[in-house]
>>> print(open('data.txt').read())   # compact mmCIF, C-alpha atoms and all ligand atoms
# COMPACT_ATOMS: atom_id res chain seq x y z
CA MET A 1 146.11 109.32 88.10
CA THR A 2 145.42 106.41 90.48
CA GLU A 3 143.52 103.52 88.91
CA TYR A 4 141.15 102.17 91.56
CA PHE A 5 139.85 99.20 89.63
CA ALA A 6 143.19 98.13 88.20
CA GLY A 7 143.02 94.88 86.31
CA VAL A 8 139.46 95.43 85.15
CA LYS A 9 139.06 96.58 81.56
CA THR A 10 135.93 97.99 79.94
CA ILE A 11 133.13 95.44 80.24
CA LYS A 12 131.98 94.24 76.84
CA TYR A 13 129.10 92.23 75.49
CA GLU A 14 130.37 88.75 74.60
CA GLY A 15 127.10 86.87 74.22
CA PRO A 16 125.41 84.03 76.11
CA ASP A 17 128.19 81.50 75.42
CA SER A 18 130.94 83.59 76.96
CA LYS A 19 132.57 82.17 80.08
CA ASN A 20 134.23 85.47 80.95
CA PRO A 21 132.80 86.64 84.29
CA LEU A 22 133.72 90.23 83.44
CA ALA A 23 131.59 90.39 80.29
CA PHE A 24 127.91 90.85 79.55
CA LYS A 25 126.14 87.74 78.36
CA HIS A 26 122.82 89.42 77.58
CA TYR A 27 123.18 93.20 77.88
CA ASN A 28 124.18 94.42 74.46
CA PRO A 29 123.73 98.20 74.67
CA LYS A 30 123.40 98.65 70.90
CA LYS A 31 121.00 95.78 70.26
CA LYS A 32 117.61 96.98 69.07
CA VAL A 33 114.52 95.70 70.85
CA LEU A 34 111.12 96.96 69.69
CA GLY A 35 112.66 99.94 67.94
CA LYS A 36 114.99 101.20 70.68
CA THR A 37 118.44 100.07 71.79
CA MET A 38 118.81 98.16 75.04
CA ALA A 39 120.70 101.14 76.50
CA GLU A 40 117.80 103.46 75.59
CA HIS A 41 115.23 101.13 77.15
CA LEU A 42 117.07 100.35 80.35
CA ARG A 43 118.84 103.64 81.18
CA PHE A 44 120.99 102.07 83.91
CA ALA A 45 122.40 104.22 86.69
CA VAL A 46 125.05 103.49 89.32
CA CYS A 47 124.17 104.71 92.80
CA TYR A 48 126.91 106.50 94.67
CA TRP A 49 125.82 105.75 98.23
CA HIS A 50 125.96 101.96 98.02
CA SER A 51 128.66 101.58 95.37
CA MET A 52 131.27 104.13 96.43
CA LYS A 53 130.36 104.56 100.11
CA GLY A 54 128.74 102.03 102.46
CA GLY A 55 131.59 99.70 103.41
CA GLY A 56 129.38 96.85 104.58
CA GLY A 57 129.01 97.82 108.24
CA ASP A 58 125.95 96.41 110.02
CA PRO A 59 124.60 96.65 113.60
CA PHE A 60 126.96 93.82 114.58
CA GLY A 61 130.20 94.87 112.97
CA VAL A 62 132.21 97.51 111.18
CA ALA A 63 132.87 97.98 107.47
CA THR A 64 134.59 95.13 105.64
CA ARG A 65 134.93 96.28 102.03
CA ILE A 66 138.29 97.15 100.53
CA MET A 67 137.81 100.66 99.13
CA PRO A 68 141.15 102.17 98.13
CA TRP A 69 139.48 105.50 97.25
CA ASN A 70 138.41 105.86 100.87
CA GLU A 71 141.93 106.02 102.32
CA GLY A 72 143.70 109.11 103.66
CA SER A 73 143.30 111.71 106.38
CA ASP A 74 141.79 114.67 104.53
CA GLU A 75 138.01 114.33 104.23
CA MET A 76 137.79 116.46 101.11
CA GLU A 77 140.65 114.66 99.41
CA ILE A 78 138.86 111.38 100.09
CA ALA A 79 135.66 112.88 98.66
CA GLU A 80 137.49 113.87 95.47
CA ASN A 81 139.18 110.49 95.13
CA THR A 82 135.84 108.77 95.66
CA MET A 83 134.34 110.85 92.86
CA ARG A 84 137.20 109.86 90.56
CA ALA A 85 136.74 106.19 91.48
CA ASN A 86 133.01 106.55 90.77
CA PHE A 87 133.60 107.74 87.22
CA GLU A 88 136.32 105.18 86.58
CA PHE A 89 133.87 102.47 87.66
CA ILE A 90 130.96 103.79 85.60
CA GLU A 91 133.11 104.26 82.52
CA LYS A 92 134.48 100.71 82.75
CA LEU A 93 131.00 99.32 83.33
CA GLY A 94 129.66 101.18 80.30
CA VAL A 95 126.66 102.73 82.04
CA ASP A 96 125.35 106.17 81.04
CA TYR A 97 124.00 107.48 84.35
CA TRP A 98 124.67 107.90 88.06
CA CYS A 99 122.68 109.09 91.13
CA PHE A 100 123.75 110.67 94.41
CA HIS A 101 122.74 112.23 97.75
CA ASP A 102 124.40 115.55 98.67
CA ARG A 103 126.11 114.07 101.72
CA ASP A 104 127.40 110.99 99.87
CA ILE A 105 129.52 113.02 97.53
CA SER A 106 130.60 115.68 99.99
CA PRO A 107 130.92 115.39 103.79
CA GLU A 108 128.88 117.76 105.94
CA GLY A 109 130.87 120.69 107.38
CA LYS A 110 130.51 122.40 110.77
CA THR A 111 128.03 124.95 109.42
CA LEU A 112 125.58 125.02 106.54
CA SER A 113 127.80 127.48 104.65
CA GLU A 114 130.80 125.20 105.04
CA SER A 115 128.73 122.20 103.85
CA ASN A 116 127.56 124.21 100.84
CA ALA A 117 131.07 125.34 99.94
CA ARG A 118 132.29 121.76 100.16
CA LEU A 119 129.45 120.58 97.95
CA ASP A 120 130.32 123.24 95.37
CA ARG A 121 133.90 121.99 95.25
CA ILE A 122 132.87 118.37 94.64
CA VAL A 123 130.12 119.26 92.17
CA LYS A 124 132.71 121.17 90.14
CA LEU A 125 134.86 118.05 89.92
CA ALA A 126 131.83 115.84 89.14
CA ARG A 127 130.82 118.19 86.35
CA LYS A 128 134.25 117.96 84.77
CA LEU A 129 134.37 114.17 85.06
CA GLN A 130 130.85 113.88 83.63
CA SER A 131 131.82 115.83 80.54
CA ASP A 132 135.23 114.14 80.15
CA LYS A 133 133.64 110.72 80.21
CA GLY A 134 130.24 111.43 78.66
CA ILE A 135 128.30 110.27 81.72
CA LYS A 136 125.03 111.87 82.82
CA LEU A 137 123.17 112.37 86.07
CA LEU A 138 119.86 110.50 86.32
CA TRP A 139 118.86 112.16 89.59
CA GLY A 140 120.13 113.84 92.71
CA THR A 141 118.67 113.95 96.21
CA ALA A 142 119.34 115.29 99.70
CA ASN A 143 120.17 113.12 102.69
CA LEU A 144 117.63 114.36 105.25
CA PHE A 145 117.93 111.38 107.58
CA SER A 146 121.51 110.64 108.73
CA ASN A 147 122.34 113.74 110.76
CA PRO A 148 120.95 113.53 114.36
CA ARG A 149 119.07 116.82 113.79
CA TYR A 150 116.70 114.80 111.62
CA MET A 151 116.03 112.07 114.19
CA SER A 152 112.35 113.12 114.44
CA GLY A 153 111.99 113.76 110.73
CA ALA A 154 112.98 116.55 108.34
CA SER A 155 109.93 118.36 106.95
CA THR A 156 107.71 116.46 109.42
CA ASN A 157 109.84 117.39 112.42
CA PRO A 158 107.95 118.88 115.37
CA ASP A 159 110.51 121.74 115.35
CA PRO A 160 110.10 124.30 112.50
CA HIS A 161 113.81 125.09 112.78
CA VAL A 162 114.55 121.58 111.53
CA PHE A 163 111.96 122.04 108.75
CA ALA A 164 113.87 125.16 107.71
CA TYR A 165 117.16 123.25 107.73
CA ALA A 166 115.70 120.56 105.49
CA CYS A 167 114.48 123.24 103.08
CA ALA A 168 117.90 124.87 103.00
CA GLN A 169 119.49 121.53 102.25
CA VAL A 170 117.01 120.66 99.49
CA LYS A 171 117.50 124.09 97.92
CA LYS A 172 121.23 123.46 97.65
CA ALA A 173 120.88 119.83 96.53
CA MET A 174 118.49 120.92 93.79
CA GLU A 175 120.97 123.57 92.65
CA ALA A 176 123.73 120.93 92.57
CA THR A 177 121.48 118.59 90.57
CA LYS A 178 120.75 121.37 88.10
CA GLU A 179 124.44 122.23 87.83
CA LEU A 180 125.08 118.58 86.90
CA LYS A 181 122.21 118.64 84.38
CA GLY A 182 120.32 116.02 86.36
CA GLU A 183 117.26 114.59 84.59
CA GLY A 184 115.40 114.22 87.87
CA TYR A 185 115.31 114.84 91.59
CA VAL A 186 114.11 112.30 94.18
CA PHE A 187 112.30 112.77 97.47
CA TRP A 188 112.55 109.62 99.52
CA GLY A 189 110.84 110.08 102.89
CA GLY A 190 113.90 109.33 105.01
CA ARG A 191 112.59 109.76 108.56
CA GLU A 192 109.25 111.28 107.48
CA GLY A 193 106.99 109.02 109.52
CA TYR A 194 106.57 108.09 113.15
CA ASP A 195 107.28 105.42 115.73
CA THR A 196 104.36 106.15 118.09
CA LEU A 197 101.20 108.21 117.74
CA LEU A 198 101.47 109.00 121.46
CA ASN A 199 103.92 111.78 120.59
CA THR A 200 102.88 112.51 117.00
CA ASP A 201 100.39 114.87 115.33
CA MET A 202 100.11 112.89 112.11
CA GLY A 203 97.68 115.24 110.33
CA ARG A 204 99.87 118.25 110.95
CA GLU A 205 103.03 116.41 109.92
CA LEU A 206 101.44 115.40 106.61
CA ASP A 207 100.44 119.02 105.99
CA HIS A 208 104.05 120.03 106.59
CA LEU A 209 105.37 117.36 104.22
CA ALA A 210 103.08 118.73 101.51
CA GLN A 211 104.12 122.30 102.26
CA PHE A 212 107.76 121.30 101.96
CA LEU A 213 107.14 119.70 98.56
CA HIS A 214 105.24 122.79 97.37
CA LEU A 215 108.19 124.96 98.39
CA ALA A 216 110.46 122.66 96.38
CA VAL A 217 108.13 122.90 93.36
CA ASP A 218 108.21 126.71 93.66
CA TYR A 219 111.99 126.78 93.87
CA LYS A 220 112.27 124.45 90.90
CA LYS A 221 110.45 127.12 88.88
CA THR A 222 112.57 129.92 90.35
CA ILE A 223 115.83 128.35 89.23
CA ARG A 224 114.30 126.86 86.07
CA PHE A 225 115.36 123.35 86.93
CA GLY A 226 113.83 121.22 84.18
CA GLY A 227 114.24 117.77 85.79
CA GLN A 228 111.36 115.55 86.87
CA PHE A 229 110.50 115.35 90.59
CA TYR A 230 109.88 111.89 92.04
CA ILE A 231 108.63 110.61 95.37
CA GLU A 232 109.92 107.18 96.45
CA PRO A 233 107.45 105.01 98.40
CA LYS A 234 108.63 102.89 101.34
CA PRO A 235 106.40 101.54 104.13
CA LYS A 236 108.77 101.20 107.09
CA GLU A 237 112.43 101.54 108.09
CA PRO A 238 113.77 103.69 109.55
CA THR A 239 110.46 104.70 111.17
CA THR A 240 107.75 102.18 112.04
CA HIS A 241 105.22 103.97 109.81
CA GLN A 242 106.70 105.85 106.87
CA TYR A 243 104.19 108.34 105.42
CA ASP A 244 104.98 107.56 101.78
CA SER A 245 104.15 103.91 102.42
CA ASP A 246 103.32 102.61 98.94
CA ALA A 247 102.38 103.79 95.46
CA ALA A 248 98.68 104.14 96.28
CA ALA A 249 99.34 106.04 99.53
CA CYS A 250 101.71 108.40 97.71
CA HIS A 251 99.15 108.91 94.97
CA ALA A 252 96.40 109.78 97.46
CA PHE A 253 98.75 112.18 99.26
CA LEU A 254 99.83 113.87 96.03
CA GLN A 255 96.22 114.30 94.92
CA LYS A 256 94.99 115.60 98.27
CA TYR A 257 97.67 118.29 98.32
CA LYS A 258 97.47 119.09 94.59
CA LEU A 259 101.00 117.88 93.97
CA ASP A 260 100.10 115.19 91.44
CA LYS A 261 101.05 117.34 88.45
CA HIS A 262 104.52 117.87 89.86
CA LEU A 263 105.72 114.50 91.10
CA LYS A 264 105.91 111.01 89.68
CA LEU A 265 107.01 107.91 91.56
CA ASN A 266 110.38 106.25 91.87
CA ILE A 267 109.42 102.63 92.55
CA GLU A 268 111.91 100.45 94.43
CA ALA A 269 111.58 96.67 94.23
CA ASN A 270 112.59 96.01 97.85
CA HIS A 271 110.22 98.72 99.14
CA ALA A 272 107.36 97.09 97.24
CA THR A 273 107.87 93.77 98.98
CA LEU A 274 108.25 95.47 102.38
CA ALA A 275 104.83 97.01 101.70
CA GLY A 276 103.37 93.55 101.14
CA HIS A 277 103.11 94.05 97.38
CA THR A 278 105.01 92.70 94.42
CA PHE A 279 107.36 94.94 92.44
CA GLN A 280 105.02 94.40 89.47
CA HIS A 281 102.00 95.57 91.48
CA GLU A 282 103.64 98.86 92.45
CA LEU A 283 104.79 99.49 88.89
CA GLN A 284 101.37 98.66 87.47
CA TYR A 285 99.60 100.92 89.97
CA ALA A 286 101.90 103.79 89.04
CA ALA A 287 101.58 103.10 85.31
CA ASP A 288 97.77 102.95 85.46
CA ASN A 289 97.72 106.31 87.19
CA GLY A 290 100.21 108.01 84.90
CA ILE A 291 102.83 108.46 87.62
CA LEU A 292 105.42 105.81 86.77
CA GLY A 293 108.63 107.81 86.66
CA SER A 294 111.75 105.90 87.58
CA ILE A 295 112.90 102.67 89.23
CA ASP A 296 115.28 101.76 92.04
CA ALA A 297 116.35 98.35 90.80
CA ASN A 298 117.18 95.92 93.58
CA ARG A 299 115.62 92.99 95.40
CA GLY A 300 114.83 92.12 99.01
CA ASP A 301 115.19 88.82 100.80
CA LEU A 302 111.64 87.63 101.37
CA LEU A 303 112.82 85.69 104.44
CA LEU A 304 113.95 88.92 106.08
CA GLY A 305 111.80 91.90 106.98
CA TRP A 306 114.14 94.71 106.05
CA ASP A 307 115.55 96.63 103.10
CA THR A 308 118.45 94.33 102.17
CA ASP A 309 119.02 96.18 98.88
CA GLN A 310 120.43 93.19 97.00
CA PHE A 311 121.28 93.30 93.34
CA PRO A 312 118.41 92.11 91.13
CA THR A 313 118.89 88.58 89.80
CA ASN A 314 115.36 87.21 89.68
CA LEU A 315 114.29 86.84 86.04
CA TYR A 316 110.60 86.70 86.87
CA ASP A 317 110.87 90.09 88.55
CA THR A 318 112.89 91.70 85.78
CA THR A 319 110.63 90.25 83.06
CA LEU A 320 107.43 91.38 84.72
CA ALA A 321 108.89 94.80 85.52
CA MET A 322 109.95 95.28 81.91
CA TYR A 323 106.57 93.99 80.75
CA VAL A 324 104.78 96.71 82.70
CA LEU A 325 107.30 99.31 81.61
CA LEU A 326 107.12 98.43 77.89
CA LYS A 327 103.34 98.42 77.95
CA SER A 328 103.31 101.82 79.62
CA GLY A 329 105.55 103.32 76.91
CA GLY A 330 108.95 103.04 78.63
CA PHE A 331 111.09 105.55 80.49
CA THR A 332 111.15 109.22 79.58
CA THR A 333 113.22 110.96 82.27
CA GLY A 334 113.62 107.94 84.54
CA GLY A 335 115.86 104.89 84.47
CA LEU A 336 116.98 101.80 86.35
CA ASN A 337 119.07 102.96 89.28
CA PHE A 338 120.88 100.15 91.10
CA ASP A 339 119.95 101.14 94.65
CA ALA A 340 121.72 97.97 95.71
CA LYS A 341 124.78 96.97 97.68
CA VAL A 342 127.16 94.03 97.58
CA ARG A 343 126.93 91.64 100.54
CA ARG A 344 129.20 92.21 103.54
CA GLN A 345 131.46 89.31 102.55
CA SER A 346 131.90 90.58 98.99
CA ILE A 347 134.83 92.75 99.92
CA ASP A 348 136.87 93.13 96.72
CA PRO A 349 136.44 96.07 94.33
CA VAL A 350 135.83 93.53 91.55
CA ASP A 351 132.70 92.32 93.37
CA LEU A 352 131.09 95.63 92.45
CA PHE A 353 131.50 94.65 88.79
CA HIS A 354 130.07 91.18 89.30
CA ALA A 355 127.07 92.70 91.08
CA HIS A 356 126.30 95.25 88.37
CA ILE A 357 126.99 92.87 85.49
CA GLY A 358 124.53 90.40 87.03
CA GLY A 359 121.88 93.09 87.53
CA MET A 360 122.29 94.45 84.02
CA ASP A 361 122.18 91.01 82.42
CA ALA A 362 119.10 90.14 84.49
CA PHE A 363 117.31 93.25 83.23
CA ALA A 364 118.49 92.67 79.65
CA ARG A 365 117.00 89.17 79.79
CA GLY A 366 113.87 90.64 81.33
CA LEU A 367 113.67 93.14 78.47
CA ASN A 368 114.12 90.42 75.82
CA SER A 369 111.46 88.18 77.34
CA ALA A 370 109.05 91.04 77.98
CA ALA A 371 109.45 92.33 74.41
CA LYS A 372 108.56 88.88 73.04
CA LEU A 373 105.64 88.65 75.41
CA VAL A 374 104.35 92.05 74.33
CA SER A 375 104.75 91.31 70.61
CA SER A 376 103.12 87.88 70.78
CA LYS A 377 100.21 89.19 72.88
CA ALA A 378 100.34 85.72 74.48
CA ILE A 379 99.12 87.06 77.82
CA ASP A 380 97.23 90.06 76.48
CA LYS A 381 94.81 88.02 74.45
CA HIS A 382 93.76 86.06 77.53
CA VAL A 383 93.20 89.23 79.50
CA LYS A 384 91.28 90.78 76.63
CA LYS A 385 89.09 87.70 76.34
CA ARG A 386 88.46 87.70 80.09
CA TYR A 387 87.08 91.24 79.93
CA ALA A 388 85.37 90.85 76.54
CA GLY A 389 81.93 91.33 78.11
CA TRP A 390 82.84 94.95 78.79
CA ASP A 391 83.33 95.67 75.08
CA LYS A 392 79.75 94.85 74.10
CA ASP A 393 76.11 95.31 75.14
CA LEU A 394 75.77 95.20 78.91
CA GLY A 395 79.40 96.03 79.74
CA LYS A 396 79.46 98.97 77.32
CA GLN A 397 76.26 100.38 78.73
CA ILE A 398 77.54 100.15 82.29
CA GLU A 399 80.89 101.73 81.41
CA SER A 400 79.23 104.58 79.55
CA GLY A 401 77.32 105.45 82.73
CA LYS A 402 73.86 104.85 81.24
CA MET A 403 72.74 102.30 83.83
CA THR A 404 70.95 102.54 87.14
CA LEU A 405 70.63 99.97 89.90
CA ALA A 406 67.00 99.48 88.96
CA LYS A 407 67.78 98.82 85.26
CA LEU A 408 70.52 96.38 86.22
CA GLU A 409 68.12 94.58 88.50
CA GLN A 410 65.72 94.17 85.57
CA ILE A 411 68.49 92.68 83.44
CA VAL A 412 69.43 90.13 86.07
CA LEU A 413 65.80 89.20 86.66
CA ALA A 414 65.50 88.49 82.93
CA LYS A 415 68.91 86.85 82.36
CA GLY A 416 69.32 84.79 85.53
CA GLU A 417 72.72 83.55 86.81
CA PRO A 418 76.01 84.60 85.19
CA LYS A 419 78.11 81.72 83.82
CA PRO A 420 81.43 81.28 85.74
CA GLN A 421 84.64 81.47 83.66
CA SER A 422 88.04 79.99 84.53
CA GLY A 423 90.77 82.48 85.45
CA ARG A 424 93.36 80.16 83.79
CA GLN A 425 96.12 81.19 86.20
CA GLU A 426 98.15 78.00 85.75
CA LEU A 427 97.95 78.22 81.97
CA LEU A 428 99.14 81.84 82.09
CA GLU A 429 102.00 80.93 84.42
CA ASN A 430 103.03 78.22 81.94
CA ILE A 431 102.92 80.74 79.10
CA LEU A 432 105.08 83.15 81.10
CA ASN A 433 107.61 80.36 81.71
CA ASP A 434 107.78 79.72 77.97
CA TYR A 435 109.06 83.27 77.49
CA ILE A 436 111.62 83.41 80.31
C1 LIG B 501 116.25 103.96 101.16
C2 LIG B 501 116.04 104.53 99.85
C3 LIG B 501 117.10 105.53 99.44
C4 LIG B 501 116.60 106.39 98.33
C5 LIG B 501 117.34 107.66 98.12
O1 LIG B 501 115.69 102.94 101.52
O2 LIG B 501 115.93 103.51 98.92
O3 LIG B 501 118.29 104.89 99.11
O4 LIG B 501 116.56 105.70 97.12
O5 LIG B 501 117.29 108.48 99.23
NI NI B 502 115.83 103.79 96.84
NI NI B 503 115.66 101.35 99.82
>>> encode(input="data.txt", output="structure tokens", more="lines below")
Ligand code: XLS
Ligand code: NI
Ligand code: NI
Amino acid sequence: MTEYFAGVKTIKYEGPDSKNPLAFKHYNPKKKVLGKTMAEHLRFAVCYWHSMKGGGGDPFGVATRIMPWNEGSDEMEIAENTMRANFEFIEKLGVDYWCFHDRDISPEGKTLSESNARLDRIVKLARKLQSDKGIKLLWGTANLFSNPRYMSGASTNPDPHVFAYACAQVKKAMEATKELKGEGYVFWGGREGYDTLLNTDMGRELDHLAQFLHLAVDYKKTIRFGGQFYIEPKPKEPTTHQYDSDAAACHAFLQKYKLDKHLKLNIEANHATLAGHTFQHELQYAADNGILGSIDANRGDLLLGWDTDQFPTNLYDTTLAMYVLLKSGGFTTGGLNFDAKVRRQSIDPVDLFHAHIGGMDAFARGLNSAAKLVSSKAIDKHVKKRYAGWDKDLGKQIESGKMTLAKLEQIVLAKGEPKPQSGRQELLENILNDYI
């Protein structure tokens, strides 16, 4: 059996003093933090599309990465070798989960039946490798954006024939996910959006998107697929206006079309910043509305306006993300999927290890800091104090719905001006720094 990452042994936890670049300094899967192990909290997943595919091509140049599993002339043989490389990588990295799109793992054939037969062949191999190596599937999804047929959208395409194609593809991808015992299934909008309203019936397209998701919910019941459905917000790219633009827009859409019981959100850090929000904001919005499901862990470059999908290294981001997650009760079906790619100049297979080790250590540090922050209540007590007025007299009466505008006017006439209170932002930022 070919070893694709020869020279790299299983990555181990060696502690913060280790100088070994191929070791974890902070991620210790068995270490207990607030009652659960780090592995149970973080539920890392390797993403197939960026790690095993995507050779680093950009609009200005071809692929650069050295990917020995991608060599040969037979497409299906390459697909099988890529799957083997995927599991060798995940096993050596010591991660429990992976994620895929149908067309990442198996190339599209000339007809839908050929594509489906090819997918069956690869899923069979993946299933065997999963059980041999004890690795699980976090979620699966369908690529409804690369093939030219989807240039004007999949379920929001002006042509119902394309809508039907997208449904057929999702049906099969969901079956494949079930076959691999996937814990979830993701709907990222792909090309569901528009570039100009001059040629677009937005209202009708949104109705179709909802209809498509309802059909998926129905089919999920038909085949008794028990995984969680997620929708992944993103505001732009590839289309100018993506319909699932941010957590709040997705939430409104899900509620309008009575889909909110069926889908949670898969929040991606880079998509949050593209939407003009922080990662923490999107997570908090989802948590507050009971729809925080899973996370695509990456980071954007704030100097650039596109989805650079870099590996997460910013400790503020990982700490605040884990802070929101811990306070919301942690993952159930979801996890931290590295929807991230190495830079175009990071061409060696070993770079994939450096990237993931860095991301995992960054989240482990985030988890440690966030756990201390939660336990100490260092931030919480300031927030609680700031809202203390709502826990007594006036605040309580307003919250319980017993007030009217007229009664409130009377209170103000009697009490006069409210006394301004400091927001203490700088103090709180200093406290946060103490924990990082
Ligand atoms: C693209 C998305 C995509 C989804 C899965 O920007 O992040 O990779 O996660 O289709
Ligand atoms: Ni993503
Ligand atoms: Ni993305």
>>> atom_distance(input="data.txt", atom1="atom CA of Gln280 of chain A", atom2="atom CA of Val46 of chain A")
22.0 Å
>>> residues_near_ligand(input="data.txt", ligand="ligand LIG 501 (chain B)", cutoff="7 Å", atoms="all atoms listed in the file", output="VMD selection string")
chain A and resid 101 141 143 186 to 188 190 232 268 296 307 339
>>> write_last_selection(input="data.txt", atoms="C-alpha atoms", output="CSV table (one decimal), keeping the file's coordinate frame")
chain,number,residue,atom,x,y,z
A,101,HIS,CA,122.7,112.2,97.8
A,141,THR,CA,118.7,114.0,96.2
A,143,ASN,CA,120.2,113.1,102.7
A,186,VAL,CA,114.1,112.3,94.2
A,187,PHE,CA,112.3,112.8,97.5
A,188,TRP,CA,112.6,109.6,99.5
A,190,GLY,CA,113.9,109.3,105.0
A,232,GLU,CA,109.9,107.2,96.4
A,268,GLU,CA,111.9,100.4,94.4
A,296,ASP,CA,115.3,101.8,92.0
A,307,ASP,CA,115.6,96.6,103.1
A,339,ASP,CA,120.0,101.1,94.6
>>> closest_residue(input="data.txt", among="A:Ala210, A:Ala269, A:Leu93, A:Val162", to="ligand NI 502 (chain B)", atoms="only C-alpha atoms and all ligand atoms")
A:Ala269
>>> closest_atom_pairs(input="data.txt", of="chain A", to="ligand NI 503 (chain B)", cutoff="12 Å", atoms="only C-alpha atoms and all ligand atoms", output="Markdown table")
| residue | atom | partner | partner_atom | distance |
| --- | --- | --- | --- | --- |
| A:Cys47 | CA | B:NI503 | NI | 11.5 |
| A:Trp49 | CA | B:NI503 | NI | 11.2 |
| A:His50 | CA | B:NI503 | NI | 10.5 |
| A:Trp188 | CA | B:NI503 | NI | 8.8 |
| A:Gly189 | CA | B:NI503 | NI | 10.4 |
| A:Gly190 | CA | B:NI503 | NI | 9.7 |
| A:Glu232 | CA | B:NI503 | NI | 8.8 |
| A:Pro233 | CA | B:NI503 | NI | 9.1 |
| A:Lys234 | CA | B:NI503 | NI | 7.4 |
| A:Pro235 | CA | B:NI503 | NI | 10.2 |
| A:Lys236 | CA | B:NI503 | NI | 10.0 |
| A:Glu237 | CA | B:NI503 | NI | 8.9 |
| A:Pro238 | CA | B:NI503 | NI | 10.2 |
| A:Asn266 | CA | B:NI503 | NI | 10.7 |
| A:Ile267 | CA | B:NI503 | NI | 9.7 |
| A:Glu268 | CA | B:NI503 | NI | 6.6 |
| A:Ala269 | CA | B:NI503 | NI | 8.4 |
| A:Asn270 | CA | B:NI503 | NI | 6.5 |
| A:His271 | CA | B:NI503 | NI | 6.1 |
| A:Ala272 | CA | B:NI503 | NI | 9.7 |
| A:Thr273 | CA | B:NI503 | NI | 10.9 |
| A:Leu274 | CA | B:NI503 | NI | 9.8 |
| A:Ala275 | CA | B:NI503 | NI | 11.8 |
| A:Ile295 | CA | B:NI503 | NI | 11.0 |
| A:Asp296 | CA | B:NI503 | NI | 7.8 |
| A:Ala297 | CA | B:NI503 | NI | 9.5 |
| A:Asn298 | CA | B:NI503 | NI | 8.4 |
| A:Arg299 | CA | B:NI503 | NI | 9.5 |
| A:Gly300 | CA | B:NI503 | NI | 9.3 |
| A:Trp306 | CA | B:NI503 | NI | 9.2 |
| A:Asp307 | CA | B:NI503 | NI | 5.7 |
| A:Thr308 | CA | B:NI503 | NI | 7.9 |
| A:Asp309 | CA | B:NI503 | NI | 6.2 |
| A:Gln310 | CA | B:NI503 | NI | 9.9 |
| A:Phe311 | CA | B:NI503 | NI | 11.8 |
| A:Asn337 | CA | B:NI503 | NI | 11.2 |
| A:Phe338 | CA | B:NI503 | NI | 10.2 |
| A:Asp339 | CA | B:NI503 | NI | 6.7 |
| A:Ala340 | CA | B:NI503 | NI | 8.1 |
| A:Lys341 | CA | B:NI503 | NI | 10.3 |
>>> residues_around(input="data.txt", residues="Glu179 of chain A", least_positions_apart="6", cutoff="10 Å", atoms="only C-alpha atoms", output="ChimeraX atom specification")
/A:120,123-124,126-127,173,225
>>> closest_residue(input="data.txt", among="A:Ser346, A:Gln425, A:Gln228, A:Gln284", to="Arg65 of chain A", atoms="only C-alpha atoms")
A:Ser346
>>> closest_residue(input="data.txt", among="A:Ile411, A:Ile231, A:Ile11, A:Val374", to="ligand NI 502 (chain B)", atoms="all atoms listed in the file")
A:Ile231
>>> closest_residue(input="data.txt", among="A:Ala287, A:Leu336, A:Ala166, A:Leu129", to="ligand NI 502 (chain B)", atoms="only C-alpha atoms and all ligand atoms")
A:Leu336
>>> closest_residue(input="data.txt", among="A:Leu326, A:Val8, A:Met38, A:Ile66", to="Ala370 of chain A", atoms="only C-alpha atoms")
A:Leu326
>>> atom_distance(input="data.txt", atom1="atom CA of Ile105 of chain A", atom2="atom CA of Asn86 of chain A")
10.0 Å
>>> residues_around(input="data.txt", residues="Asn289 of chain A", least_positions_apart="6", cutoff="10 Å", atoms="all atoms listed in the file", output="PyMOL selection string")
chain A and resi 247-248+251+264+283
>>> write_last_selection(input="data.txt", atoms="C-alpha atoms", output="mmCIF file, in the frame of the given file")
data_model
loop_
_atom_site.group_PDB
_atom_site.id
_atom_site.type_symbol
_atom_site.label_atom_id
_atom_site.label_comp_id
_atom_site.auth_asym_id
_atom_site.auth_seq_id
_atom_site.Cartn_x
_atom_site.Cartn_y
_atom_site.Cartn_z
ATOM 1 C CA ALA A 247 102.380 103.790 95.460
ATOM 2 C CA ALA A 248 98.680 104.140 96.280
ATOM 3 C CA HIS A 251 99.150 108.910 94.970
ATOM 4 C CA LYS A 264 105.910 111.010 89.680
ATOM 5 C CA LEU A 283 104.790 99.490 88.890
#
>>> atom_distance(input="data.txt", atom1="atom CA of Val342 of chain A", atom2="atom CA of Ala63 of chain A")
12.1 Å
>>> residues_around(input="data.txt", residues="Tyr387 of chain A", least_positions_apart="6", cutoff="12 Å", atoms="only C-alpha atoms", output="list in words")
Asp380, Lys381, Gly395, Lys396, Gln421 and Gly423 of chain A
>>> write_last_selection(input="data.txt", atoms="C-alpha atoms", output="PDB file, in the coordinates of the input")
ATOM      1  CA  ASP A 380      97.230  90.060  76.480  1.00  0.00           C
ATOM      2  CA  LYS A 381      94.810  88.020  74.450  1.00  0.00           C
ATOM      3  CA  GLY A 395      79.400  96.030  79.740  1.00  0.00           C
ATOM      4  CA  LYS A 396      79.460  98.970  77.320  1.00  0.00           C
ATOM      5  CA  GLN A 421      84.640  81.470  83.660  1.00  0.00           C
ATOM      6  CA  GLY A 423      90.770  82.480  85.450  1.00  0.00           C
TER       7      GLY A 423
END
>>> closest_residue(input="data.txt", among="A:Tyr230, A:Gln211, A:Glu114, A:His241", to="ligand NI 502 (chain B)", atoms="only C-alpha atoms and all ligand atoms")
A:Tyr230
>>> residues_around(input="data.txt", residues="Leu112 of chain A", least_positions_apart="6", cutoff="12 Å", atoms="all atoms listed in the file", output="PyMOL selection string")
chain A and resi 103+118-119+164-172
